[in-house]
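**Q** Quick one, upload-v5.cif (mmCIF, C-alpha atoms):
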```
data_entry
#
loop_
_atom_site.label_atom_id
_atom_site.label_comp_id
_atom_site.auth_asym_id
_atom_site.auth_seq_id
_atom_site.Cartn_x
_atom_site.Cartn_y
_atom_site.Cartn_z
CA MET T 1 0.00 0.00 0.00
CA SER T 2 1.76 3.16 -1.19
CA GLU T 3 1.12 6.31 0.79
CA ARG T 4 1.89 9.99 0.38
CA ARG T 5 4.26 11.62 2.86
CA LEU T 6 1.88 13.63 4.99
CA PRO T 7 2.21 15.88 8.03
CA PRO T 8 1.02 14.42 11.39
CA VAL T 9 -2.43 15.97 11.06
CA THR T 10 -4.23 13.38 13.20
CA GLN T 11 -1.74 13.56 16.07
CA VAL T 12 -1.72 17.37 16.07
CA GLY T 13 -5.52 17.41 15.81
CA MET T 14 -5.87 15.12 18.81
CA LEU T 15 -3.50 17.31 20.82
CA SER T 16 -5.56 20.36 19.86
CA LEU T 17 -8.78 18.64 20.95
CA ALA T 18 -7.13 17.52 24.20
CA LEU T 19 -6.21 21.15 24.99
CA ILE T 20 -9.82 22.25 24.35
CA VAL T 21 -11.09 19.46 26.62
CA ALA T 22 -8.57 20.42 29.33
CA GLY T 23 -9.78 24.04 29.21
CA GLY T 24 -13.39 22.90 29.46
CA ILE T 25 -12.62 20.64 32.44
CA TYR T 26 -10.73 23.49 34.15
CA LEU T 27 -13.75 25.78 33.87
CA ALA T 28 -16.33 23.09 34.71
CA ALA T 29 -14.39 21.86 37.75
CA HIS T 30 -14.69 25.27 39.45
CA LEU T 31 -18.41 25.88 38.97
CA PRO T 32 -20.17 27.96 40.18
CA HIS T 33 -17.17 30.05 41.28
CA GLN T 34 -15.51 32.62 39.04
CA VAL T 35 -11.98 31.46 38.28
CA PRO T 36 -9.12 33.18 36.44
CA LEU T 37 -9.72 32.63 32.73
CA THR T 38 -6.03 32.88 31.83
CA PRO T 39 -5.31 29.12 31.87
CA ALA T 40 -8.41 28.40 29.74
CA ILE T 41 -7.48 31.23 27.32
CA LEU T 42 -3.92 29.91 27.00
CA LEU T 43 -5.20 26.38 26.33
CA LEU T 44 -7.68 27.70 23.76
CA GLY T 45 -4.97 29.82 22.08
CA ALA T 46 -2.60 26.85 21.87
CA SER T 47 -5.39 24.68 20.45
CA ALA T 48 -6.29 27.31 17.83
CA LEU T 49 -2.60 27.63 16.88
CA LEU T 50 -2.41 23.87 16.37
CA LEU T 51 -5.52 24.03 14.16
CA GLY T 52 -3.93 26.80 12.09
CA GLY T 53 -0.67 24.87 11.92
CA ASN T 54 -2.49 21.74 10.78
CA LEU T 55 -4.26 23.61 7.97
CA ALA T 56 -1.03 25.34 6.93
CA ALA T 57 0.87 22.04 6.88
CA LEU T 58 -1.86 20.39 4.80
CA ALA T 59 -1.94 23.32 2.37
CA ARG T 60 1.73 22.69 1.57
CA VAL T 61 1.22 19.02 0.61
CA GLN T 62 1.75 18.54 -3.11
CA GLY T 63 -1.12 16.80 -4.89
CA PHE T 64 -3.34 16.47 -1.84
CA PRO T 65 -6.86 15.43 -2.97
CA TRP T 66 -8.65 18.58 -1.84
CA GLY T 67 -11.79 17.65 -3.79
CA ARG T 68 -12.28 14.51 -1.70
CA PHE T 69 -11.25 16.38 1.47
CA PHE T 70 -13.89 19.10 1.04
CA GLU T 71 -16.54 16.64 -0.16
CA ILE T 72 -16.35 14.89 3.22
CA ALA T 73 -15.31 17.76 5.49
CA ARG T 74 -18.24 20.02 4.55
CA TRP T 75 -20.84 17.42 5.62
CA ALA T 76 -18.88 16.63 8.75
CA LEU T 77 -18.73 20.38 9.44
CA LEU T 78 -22.52 20.57 9.16
CA ALA T 79 -22.90 17.67 11.62
CA TYR T 80 -20.43 19.09 14.14
CA VAL T 81 -21.91 22.59 13.91
CA VAL T 82 -25.20 20.99 15.02
CA VAL T 83 -23.43 19.20 17.90
CA ALA T 84 -21.58 22.40 18.92
CA GLY T 85 -24.86 24.34 18.68
CA MET T 86 -26.50 21.93 21.10
CA ILE T 87 -23.64 22.27 23.59
CA GLU T 88 -23.82 26.07 23.23
CA TYR T 89 -27.57 25.92 23.87
CA SER T 90 -26.86 23.96 27.05
CA PHE T 91 -24.39 26.67 28.22
CA LEU T 92 -26.93 29.43 27.55
CA ARG T 93 -29.69 27.42 29.27
CA ASP T 94 -27.45 27.22 32.35
CA HIS T 95 -26.84 30.99 32.29
CA VAL T 96 -23.12 30.77 31.52
CA SER T 97 -22.09 34.32 30.66
CA GLY T 98 -19.22 36.79 30.33
CA GLY T 99 -15.64 35.70 29.71
CA ALA T 100 -16.38 32.03 30.42
CA LEU T 101 -19.05 31.98 27.71
CA VAL T 102 -16.69 33.62 25.20
CA VAL T 103 -13.91 31.09 25.93
CA LEU T 104 -16.31 28.13 25.77
CA THR T 105 -17.91 29.39 22.54
CA LEU T 106 -14.52 29.88 20.84
CA SER T 107 -13.52 26.42 22.09
CA LEU T 108 -16.61 25.01 20.39
CA VAL T 109 -15.62 26.79 17.17
CA VAL T 110 -12.17 25.16 17.22
CA PHE T 111 -13.81 21.79 18.01
CA ALA T 112 -16.42 22.15 15.24
CA VAL T 113 -13.72 22.97 12.67
CA HIS T 114 -10.96 20.60 13.75
CA VAL T 115 -13.01 17.38 13.89
CA PRO T 116 -14.23 17.77 10.26
CA VAL T 117 -10.61 18.51 9.25
CA LEU T 118 -9.55 15.20 10.85
CA ILE T 119 -12.38 13.28 9.16
CA GLY T 120 -11.70 14.89 5.75
CA PHE T 121 -7.97 14.26 6.10
CA THR T 122 -8.39 10.59 7.06
CA VAL T 123 -10.63 10.00 4.04
CA ALA T 124 -8.48 12.00 1.60
CA ARG T 125 -5.17 10.41 2.62
CA TYR T 126 -6.36 7.06 1.21
CA ASP T 127 -7.82 8.58 -1.95
CA THR T 128 -5.93 7.04 -4.88
CA GLU T 129 -6.61 7.11 -8.59
CA GLU T 130 -6.44 3.31 -8.75
CA SER T 131 -9.28 2.77 -6.28
CA ASN T 132 -11.42 5.53 -7.81
CA THR T 133 -11.12 4.39 -11.43
CA GLY T 134 -10.74 0.69 -11.00
CA GLY T 135 -7.70 0.80 -13.31
CA MET T 136 -5.53 -1.37 -11.05
CA PRO T 137 -6.33 -4.64 -9.37
CA ALA T 138 -7.36 -4.17 -5.73
CA MET K 1 -14.07 -7.31 -4.64
CA GLU K 2 -17.86 -7.85 -4.30
CA ARG K 3 -19.75 -5.77 -1.75
CA PRO K 4 -23.42 -4.88 -1.33
CA ASP K 5 -24.60 -1.39 -2.25
CA PHE K 6 -25.13 0.92 0.72
CA GLU K 7 -25.58 4.54 1.80
CA ILE K 8 -22.62 6.03 3.72
CA VAL K 9 -25.15 7.90 5.88
CA PRO K 10 -28.52 6.07 5.94
CA ARG K 11 -31.25 8.66 5.23
CA VAL K 12 -33.86 6.87 7.34
CA GLY K 13 -31.42 6.96 10.25
CA LEU K 14 -31.15 10.75 9.95
CA VAL K 15 -34.85 11.04 10.76
CA ILE K 16 -34.38 8.95 13.91
CA VAL K 17 -31.36 11.06 14.90
CA ALA K 18 -33.40 14.25 14.41
CA VAL K 19 -36.16 12.88 16.67
CA VAL K 20 -33.67 11.89 19.39
CA LEU K 21 -31.95 15.31 19.26
CA ALA K 22 -35.35 17.03 19.42
CA LEU K 23 -36.14 14.99 22.56
CA LEU K 24 -32.80 16.04 24.02
CA ILE K 25 -33.48 19.73 23.37
CA ALA K 26 -36.95 19.37 24.91
CA ALA K 27 -35.51 17.62 27.98
CA ILE K 28 -32.93 20.37 28.50
CA ALA K 29 -35.56 23.07 27.93
CA VAL K 30 -38.04 21.68 30.49
CA ASN K 31 -35.16 20.78 32.84
CA GLU K 32 -37.20 18.06 34.58
CA LEU K 33 -35.41 15.28 36.42
CA TRP K 34 -36.83 12.16 34.80
CA PRO K 35 -36.42 13.00 31.08
CA LEU K 36 -32.83 14.12 31.74
CA ALA K 37 -32.10 11.00 33.81
CA PHE K 38 -33.80 8.79 31.19
CA LEU K 39 -31.75 10.20 28.30
CA HIS K 40 -28.52 10.14 30.29
CA PHE K 41 -29.00 6.55 31.49
CA VAL K 42 -30.17 5.20 28.12
CA GLY K 43 -27.43 7.03 26.21
CA GLY K 44 -24.74 6.09 28.72
CA ALA K 45 -25.78 2.42 28.77
CA ALA K 46 -25.84 2.29 24.96
CA TRP K 47 -22.43 4.01 24.69
CA THR K 48 -20.84 1.63 27.21
CA ILE K 49 -22.37 -1.54 25.80
CA ILE K 50 -21.63 -0.68 22.17
CA ASP K 51 -17.98 0.15 22.94
CA LEU K 52 -17.45 -3.01 24.98
CA PHE K 53 -19.29 -5.19 22.45
CA LEU K 54 -17.37 -3.80 19.47
CA GLY K 55 -14.00 -3.92 21.16
CA PHE K 56 -14.17 -7.25 22.93
CA VAL K 57 -16.83 -9.35 21.15
CA LEU K 58 -17.34 -8.24 17.56
CA GLY K 59 -13.73 -7.14 16.99
CA PRO K 60 -12.13 -10.57 17.51
CA ILE K 61 -14.95 -12.20 15.47
CA LEU K 62 -14.42 -9.73 12.63
CA GLY K 63 -10.70 -10.46 12.61
CA SER K 64 -11.31 -14.19 12.16
CA LEU K 65 -13.78 -13.85 9.24
CA SER K 66 -12.88 -14.33 5.58
CA ILE K 67 -12.25 -11.11 3.60
CA PRO K 68 -15.63 -11.20 1.74
CA ALA K 69 -17.51 -11.85 5.01
CA ARG K 70 -15.59 -9.04 6.69
CA ILE K 71 -16.48 -6.65 3.85
CA GLU K 72 -20.14 -7.66 3.98
CA LEU K 73 -20.38 -7.19 7.75
CA THR K 74 -18.52 -3.86 7.52
CA THR K 75 -20.85 -2.46 4.83
CA ARG K 76 -23.85 -3.30 7.00
CA LEU K 77 -22.44 -2.26 10.37
CA MET K 78 -20.47 0.92 9.72
CA PRO K 79 -23.19 3.14 8.14
CA LYS K 80 -25.26 2.58 11.27
CA MET K 81 -22.29 3.37 13.51
CA VAL K 82 -21.77 6.71 11.71
CA LEU K 83 -25.12 7.84 13.09
CA ILE K 84 -25.40 5.88 16.33
CA MET K 85 -22.13 6.82 18.05
CA PRO K 86 -22.16 10.64 17.68
CA THR K 87 -25.86 10.70 18.64
CA VAL K 88 -25.41 8.47 21.69
CA VAL K 89 -22.37 10.47 22.86
CA THR K 90 -24.09 13.85 22.38
CA VAL K 91 -27.25 12.72 24.20
CA THR K 92 -25.32 11.15 27.09
CA LEU K 93 -23.06 14.15 27.68
CA ALA K 94 -25.61 16.93 27.16
CA ALA K 95 -28.30 15.22 29.27
CA GLY K 96 -25.67 14.25 31.87
CA TRP K 97 -24.41 17.82 32.20
CA GLN K 98 -27.92 19.17 32.59
CA LEU K 99 -28.75 16.41 35.07
CA GLY K 100 -25.63 17.30 37.06
CA ASN K 101 -26.77 20.92 37.14
CA HIS K 102 -30.22 19.84 38.29
CA LEU K 103 -28.86 17.60 41.07
CA GLY K 104 -25.99 19.91 42.00
CA THR K 105 -23.36 17.24 41.36
CA VAL K 106 -21.39 19.52 39.01
CA GLN K 107 -21.01 22.20 41.69
CA SER K 108 -17.57 22.39 43.27
CA SER K 109 -19.24 22.34 46.72
CA TYR K 110 -20.63 18.82 46.07
CA TYR K 111 -19.06 16.43 48.58
CA LEU K 112 -17.94 13.98 45.87
CA HIS K 113 -16.62 16.71 43.58
CA GLY K 114 -13.33 14.87 43.02
CA TRP K 115 -15.27 11.93 41.56
CA THR K 116 -17.20 14.27 39.27
CA VAL K 117 -13.98 15.84 37.98
CA ALA K 118 -12.56 12.34 37.48
CA SER K 119 -15.56 11.57 35.27
CA TYR K 120 -14.85 14.72 33.21
CA ILE K 121 -11.28 13.55 32.68
CA VAL K 122 -12.25 10.00 31.67
CA VAL K 123 -14.97 11.26 29.31
CA GLY K 124 -12.58 13.89 27.93
CA ILE K 125 -9.97 11.27 27.05
CA MET K 126 -12.63 9.03 25.48
CA ALA K 127 -13.98 11.98 23.47
CA VAL K 128 -10.55 12.87 22.08
CA ILE K 129 -9.95 9.23 21.06
CA ALA K 130 -13.41 8.93 19.53
CA LEU K 131 -13.27 12.24 17.65
CA GLY K 132 -9.66 11.99 16.51
CA LEU K 133 -9.40 8.29 15.63
CA LEU K 134 -12.66 6.36 15.77
CA GLU K 135 -15.05 8.63 13.87
CA PRO K 136 -12.60 9.49 11.03
CA ALA K 137 -11.83 5.77 10.60
CA ASN K 138 -15.55 4.99 10.48
CA VAL K 139 -16.22 7.51 7.69
CA ALA K 140 -13.01 6.66 5.79
CA VAL K 141 -13.77 2.93 5.63
CA LEU K 142 -17.22 3.66 4.22
CA VAL K 143 -15.85 6.03 1.56
CA GLU K 144 -13.25 3.40 0.64
CA LEU K 145 -15.94 0.72 0.32
CA LYS K 146 -17.95 3.00 -1.99
CA LYS K 147 -15.10 3.28 -4.50
CA PRO K 148 -15.15 1.26 -7.76
CA ARG K 149 -12.09 -0.72 -6.62
CA PRO K 150 -11.83 -0.57 -2.81
CA ASN K 151 -8.40 -1.37 -1.42
CA PRO K 152 -8.72 -4.30 1.05
CA GLN K 153 -5.52 -3.24 2.84
CA VAL K 154 -6.92 0.23 3.51
CA ILE K 155 -10.19 -1.26 4.76
CA GLU K 156 -8.37 -3.70 7.02
CA ARG K 157 -6.14 -0.96 8.44
CA LEU K 158 -9.08 1.37 9.09
CA MET K 159 -11.24 -1.38 10.59
CA LYS K 160 -8.39 -2.38 12.94
CA ARG K 161 -8.11 1.26 14.01
CA PHE K 162 -11.87 1.41 14.56
CA ILE K 163 -12.08 -1.80 16.57
CA TYR K 164 -8.95 -1.09 18.66
CA THR K 165 -10.09 2.43 19.54
CA ALA K 166 -13.59 1.12 20.37
CA GLY K 167 -11.91 -1.44 22.64
CA ALA K 168 -9.77 1.26 24.30
CA THR K 169 -12.78 3.47 24.97
CA GLY K 170 -14.69 0.37 26.08
CA ALA K 171 -12.02 -0.35 28.70
CA MET K 172 -12.26 3.29 29.84
CA GLN K 173 -16.02 2.89 30.11
CA ILE K 174 -15.37 0.53 33.03
CA ALA K 175 -13.78 3.49 34.85
CA THR K 176 -16.89 5.54 34.03
CA LEU K 177 -19.12 2.81 35.47
CA VAL K 178 -17.09 2.79 38.71
CA ILE K 179 -17.37 6.59 39.01
CA MET K 180 -21.09 6.68 38.17
CA ALA K 181 -21.82 3.90 40.70
CA LYS K 182 -19.97 5.91 43.36
CA LEU K 183 -21.83 9.12 42.47
CA THR K 184 -25.16 7.28 42.56
CA VAL K 185 -24.79 5.66 45.97
CA GLY K 186 -22.65 8.43 47.53
#
```
Output the file's structure in the form of structure tokens.
**A**
Amino acid sequence: MSERRLPPVTQVGMLSLALIVAGGIYLAAHLPHQVPLTPAILLLGASALLLGGNLAALARVQGFPWGRFFEIARWALLAYVVVAGMIEYSFLRDHVSGGALVVLTLSLVVFAVHVPVLIGFTVARYDTEESNTGGMPA
Amino acid sequence: MERPDFEIVPRVGLVIVAVVLALLIAAIAVNELWPLAFLHFVGGAAWTIIDLFLGFVLGPILGSLSIPARIELTTRLMPKMVLIMPTVVTVTLAAGWQLGNHLGTVQSSYYLHGWTVASYIVVGIMAVIALGLLEPANVAVLVELKKPRPNPQVIERLMKRFIYTAGATGAMQIATLVIMAKLTVG
């Protein structure tokens, strides 16, 4: 099975998601008290940087099947926007407000973008001309 | 390689998912104890059982099947998993969070707060594994199977990843069961 040389998108993506989760746990573990938002903001910033780095690294891959990537990622994005929307609704229902709401909402944005990137990447990395055209024996 | 025709995302299943999510929104909106507890318990039980069953029962069986049988089982199982797992996880976590708010178990003043935080950590690790490895593998294997000439090596690699990660999260579910039992009885 021949494979393209690709950046470690899955590993970086999982680290980014882990940082988001850590920020969420930090905030949730202190409810209902107000806690310094700095650790959560730093975790969110690092996670967003990893997302940006992942996209930049992918953009530099020669011959990456972007058609297949976007075909899958856009539907996954739709699904995860719905999931993120439901979590956001839960925050609003529980009267989360102020800086905590901003950090949690931005965390959901990173989550809702990064998961579809991981799904699109995993599908696209195995996209070969042989399997799509049937020109080579499987 | 012969394989039955299938939909990557079953359209009928989308209707069921929409109904379940509507019930979840209604349960959160009314914020009553029993609908929240019902959704959290049903979702949590389904999540735990599916993970354990996939990882420790179906996984080894799948590995011992012939390639055509494996492909046939995969094309029937995986489209359902694409819808079932994200729905079950979303319902369990959203209803569980709201239930915790209702009961006060998510408050830092709760006397078993350490156990609650431990549950966040276990669920957080499971979520990262599921979102980063399991779900992408699920979708990728279905897209591969839809191709004119699917690559059996790719399917085998992705199915191994799916089954192993389901097994790993299944093992972590045991930790969740221990924590939830403790939170229930105090």
**Q** Can you tell me how far atom CA of T:Leu77 sits from atom CA of K:Asn31, in Å to one decimal?
**A**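 Value for the atom CA of T:Leu77-atom CA of K:Asn31 distance: 28.6 Å.
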**Q** Select from chain K every residue with an atom at most 8 Å from any atom of chain T, then for each give the shortest pair of atoms and their distance in Å to one decimal, using only C-alpha atoms, rows by chain and rising number, as a tab-separated table.
**A**
```
residue	atom	partner	partner_atom	distance
K:Met1	CA	T:Ala138	CA	7.5
K:Ile25	CA	T:Met86	CA	7.7
K:Ile28	CA	T:Ser90	CA	7.2
K:Ala29	CA	T:Arg93	CA	7.4
K:Thr90	CA	T:Val83	CA	7.0
K:Ala94	CA	T:Ile87	CA	6.7
K:Gln98	CA	T:Ser90	CA	7.4
K:Asn101	CA	T:Asp94	CA	7.9
K:Val106	CA	T:Leu31	CA	7.0
K:Gln107	CA	T:Leu31	CA	5.3
K:Ser108	CA	T:His30	CA	5.6
K:Val117	CA	T:Ala29	CA	6.0
K:Tyr120	CA	T:Ile25	CA	6.4
K:Ile121	CA	T:Ile25	CA	7.2
K:Gly124	CA	T:Val21	CA	5.9
K:Ile125	CA	T:Ala18	CA	7.4
K:Val128	CA	T:Met14	CA	6.1
K:Ile129	CA	T:Met14	CA	7.5
K:Leu131	CA	T:Val115	CA	6.4
K:Gly132	CA	T:Met14	CA	5.4
K:Leu133	CA	T:Thr10	CA	7.7
K:Glu135	CA	T:Ile119	CA	7.1
K:Pro136	CA	T:Ile119	CA	4.2
K:Ala137	CA	T:Thr122	CA	6.9
K:Val139	CA	T:Ile119	CA	7.1
K:Ala140	CA	T:Val123	CA	4.5
K:Val141	CA	T:Val123	CA	7.9
K:Val143	CA	T:Val123	CA	7.0
K:Glu144	CA	T:Tyr126	CA	7.8
K:Lys147	CA	T:Asn132	CA	5.4
K:Pro148	CA	T:Gly134	CA	5.5
K:Arg149	CA	T:Ser131	CA	4.5
K:Pro150	CA	T:Ser131	CA	5.4
K:Asn151	CA	T:Ala138	CA	5.2
K:Pro152	CA	T:Ala138	CA	6.9
K:Gln153	CA	T:Met1	CA	7.0
K:Val154	CA	T:Tyr126	CA	7.2
```
**Q** So, with only C-alpha atoms as the atoms that count, which of T:Val61, T:Val81, T:Leu27, T:Leu51 lies closest to T:Ala100?
**A**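 Residue with the minimum atom-to-atom distance to T:Ala100: T:Leu27.
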**Q** Please measure the separation of atom CA of T:Phe70 and atom CA of K:Leu134, giving the value in Å to one decimal.
**A** 19.5 Å
**Q** Got a sec to resolve the PyMOL selection byres ((chain K and resi 9) around 10) on this structure and send the residues as a list of chain:residue names?
**A**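 Answer for the PyMOL selection byres ((chain K and resi 9) around 10): K:Phe6, K:Glu7, K:Ile8, K:Pro10, K:Arg11, K:Val12, K:Gly13, K:Leu14, K:Met78, K:Pro79, K:Lys80, K:Met81, K:Val82, K:Leu83, K:Val139, K:Leu142.
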**Q** Could you pull the residues within 12 Å of stretch 44-48 of chain K, counting only C-alpha atoms, minus those fewer than 4 positions along the same chain, as a VMD selection string?
**A** chain K and resid 36 to 40 52 to 56 81 84 to 96 123 126 to 127 130 166 to 177 180
**Q** Can you write just those residues out, C-alpha atoms, as a compact mmCIF listing (two decimals), keeping the file's coordinate frame?
**A**
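Result saved to again31.txt:
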```txt
# COMPACT_ATOMS: atom_id res chain seq x y z
CA LEU K 36 -32.83 14.12 31.74
CA ALA K 37 -32.10 11.00 33.81
CA PHE K 38 -33.80 8.79 31.19
CA LEU K 39 -31.75 10.20 28.30
CA HIS K 40 -28.52 10.14 30.29
CA LEU K 52 -17.45 -3.01 24.98
CA PHE K 53 -19.29 -5.19 22.45
CA LEU K 54 -17.37 -3.80 19.47
CA GLY K 55 -14.00 -3.92 21.16
CA PHE K 56 -14.17 -7.25 22.93
CA MET K 81 -22.29 3.37 13.51
CA ILE K 84 -25.40 5.88 16.33
CA MET K 85 -22.13 6.82 18.05
CA PRO K 86 -22.16 10.64 17.68
CA THR K 87 -25.86 10.70 18.64
CA VAL K 88 -25.41 8.47 21.69
CA VAL K 89 -22.37 10.47 22.86
CA THR K 90 -24.09 13.85 22.38
CA VAL K 91 -27.25 12.72 24.20
CA THR K 92 -25.32 11.15 27.09
CA LEU K 93 -23.06 14.15 27.68
CA ALA K 94 -25.61 16.93 27.16
CA ALA K 95 -28.30 15.22 29.27
CA GLY K 96 -25.67 14.25 31.87
CA VAL K 123 -14.97 11.26 29.31
CA MET K 126 -12.63 9.03 25.48
CA ALA K 127 -13.98 11.98 23.47
CA ALA K 130 -13.41 8.93 19.53
CA ALA K 166 -13.59 1.12 20.37
CA GLY K 167 -11.91 -1.44 22.64
CA ALA K 168 -9.77 1.26 24.30
CA THR K 169 -12.78 3.47 24.97
CA GLY K 170 -14.69 0.37 26.08
CA ALA K 171 -12.02 -0.35 28.70
CA MET K 172 -12.26 3.29 29.84
CA GLN K 173 -16.02 2.89 30.11
CA ILE K 174 -15.37 0.53 33.03
CA ALA K 175 -13.78 3.49 34.85
CA THR K 176 -16.89 5.54 34.03
CA LEU K 177 -19.12 2.81 35.47
CA MET K 180 -21.09 6.68 38.17
```
**Q** Write out as a PyMOL selection string which residues come within 8 Å of stretch 183-186 of chain K when counting only C-alpha atoms, dropping same-chain ones fewer than 5 positions away.
**A** chain K and resi 112+115-116
**Q** Go ahead and save the picked residues with C-alpha atoms, as a PDB file, in the coordinates of the input.
**A**
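Resulting contents of out-v4.pdb:
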```
ATOM      1  CA  LEU K 112     -17.940  13.980  45.870  1.00  0.00           C
ATOM      2  CA  TRP K 115     -15.270  11.930  41.560  1.00  0.00           C
ATOM      3  CA  THR K 116     -17.200  14.270  39.270  1.00  0.00           C
TER       4      THR K 116
END
```
**Q** Please provide as a PyMOL selection string all residues within 9 Å of stretch 37-39 of chain T, with the sequence filter that same-chain residues fewer than 3 positions apart are discarded (counting all atoms listed in the file).
**A** chain T and resi 23+26-27+34+42-44+99-100+103
**Q** What gap, in Å, lies between atom CA of K:Leu33 and atom CA of K:Val122?
**A**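 Going from atom CA of K:Leu33 over to atom CA of K:Val122 covers 24.2 Å.
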**Q** Nearest residue to T:Leu55 out of T:Phe69, T:Gly98, T:Arg5, T:Ile41, using all atoms listed in the file?
**A** T:Phe69
**Q** Have a look at K:Lys182, K:Glu72, K:Lys160, K:Val57 and name the one nearest to K:Gly114; count only C-alpha atoms.
**A** K:Lys182
**Q** Got a sec: who's within 9 Å of T:Ala57, counting only C-alpha atoms, leaving out chain neighbours fewer than 5 positions off, as a ChimeraX atom specification?
**A** /T:6-9,52
**Q** Counting only C-alpha atoms, which residue out of K:Ala27, K:Ile179, K:Val19, K:Ile163 sits closest to K:Asp51?
**A** K:Ile163
**Q** Taking (-18.2, -9.3, 5.0) in the file's coordinates, which residues come within 12 Å, counting all atoms listed in the file, written as a compact mmCIF listing (two decimals) with C-alpha atoms, keeping the file's coordinate frame?
**A**
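Result file selection38.txt:
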```
# COMPACT_ATOMS: atom_id res chain seq x y z
CA MET K 1 -14.07 -7.31 -4.64
CA GLU K 2 -17.86 -7.85 -4.30
CA ARG K 3 -19.75 -5.77 -1.75
CA PRO K 4 -23.42 -4.88 -1.33
CA ILE K 61 -14.95 -12.20 15.47
CA LEU K 62 -14.42 -9.73 12.63
CA GLY K 63 -10.70 -10.46 12.61
CA SER K 64 -11.31 -14.19 12.16
CA LEU K 65 -13.78 -13.85 9.24
CA SER K 66 -12.88 -14.33 5.58
CA ILE K 67 -12.25 -11.11 3.60
CA PRO K 68 -15.63 -11.20 1.74
CA ALA K 69 -17.51 -11.85 5.01
CA ARG K 70 -15.59 -9.04 6.69
CA ILE K 71 -16.48 -6.65 3.85
CA GLU K 72 -20.14 -7.66 3.98
CA LEU K 73 -20.38 -7.19 7.75
CA THR K 74 -18.52 -3.86 7.52
CA THR K 75 -20.85 -2.46 4.83
CA ARG K 76 -23.85 -3.30 7.00
CA LEU K 77 -22.44 -2.26 10.37
CA MET K 78 -20.47 0.92 9.72
CA LEU K 145 -15.94 0.72 0.32
CA PRO K 152 -8.72 -4.30 1.05
CA ILE K 155 -10.19 -1.26 4.76
CA GLU K 156 -8.37 -3.70 7.02
CA MET K 159 -11.24 -1.38 10.59
```
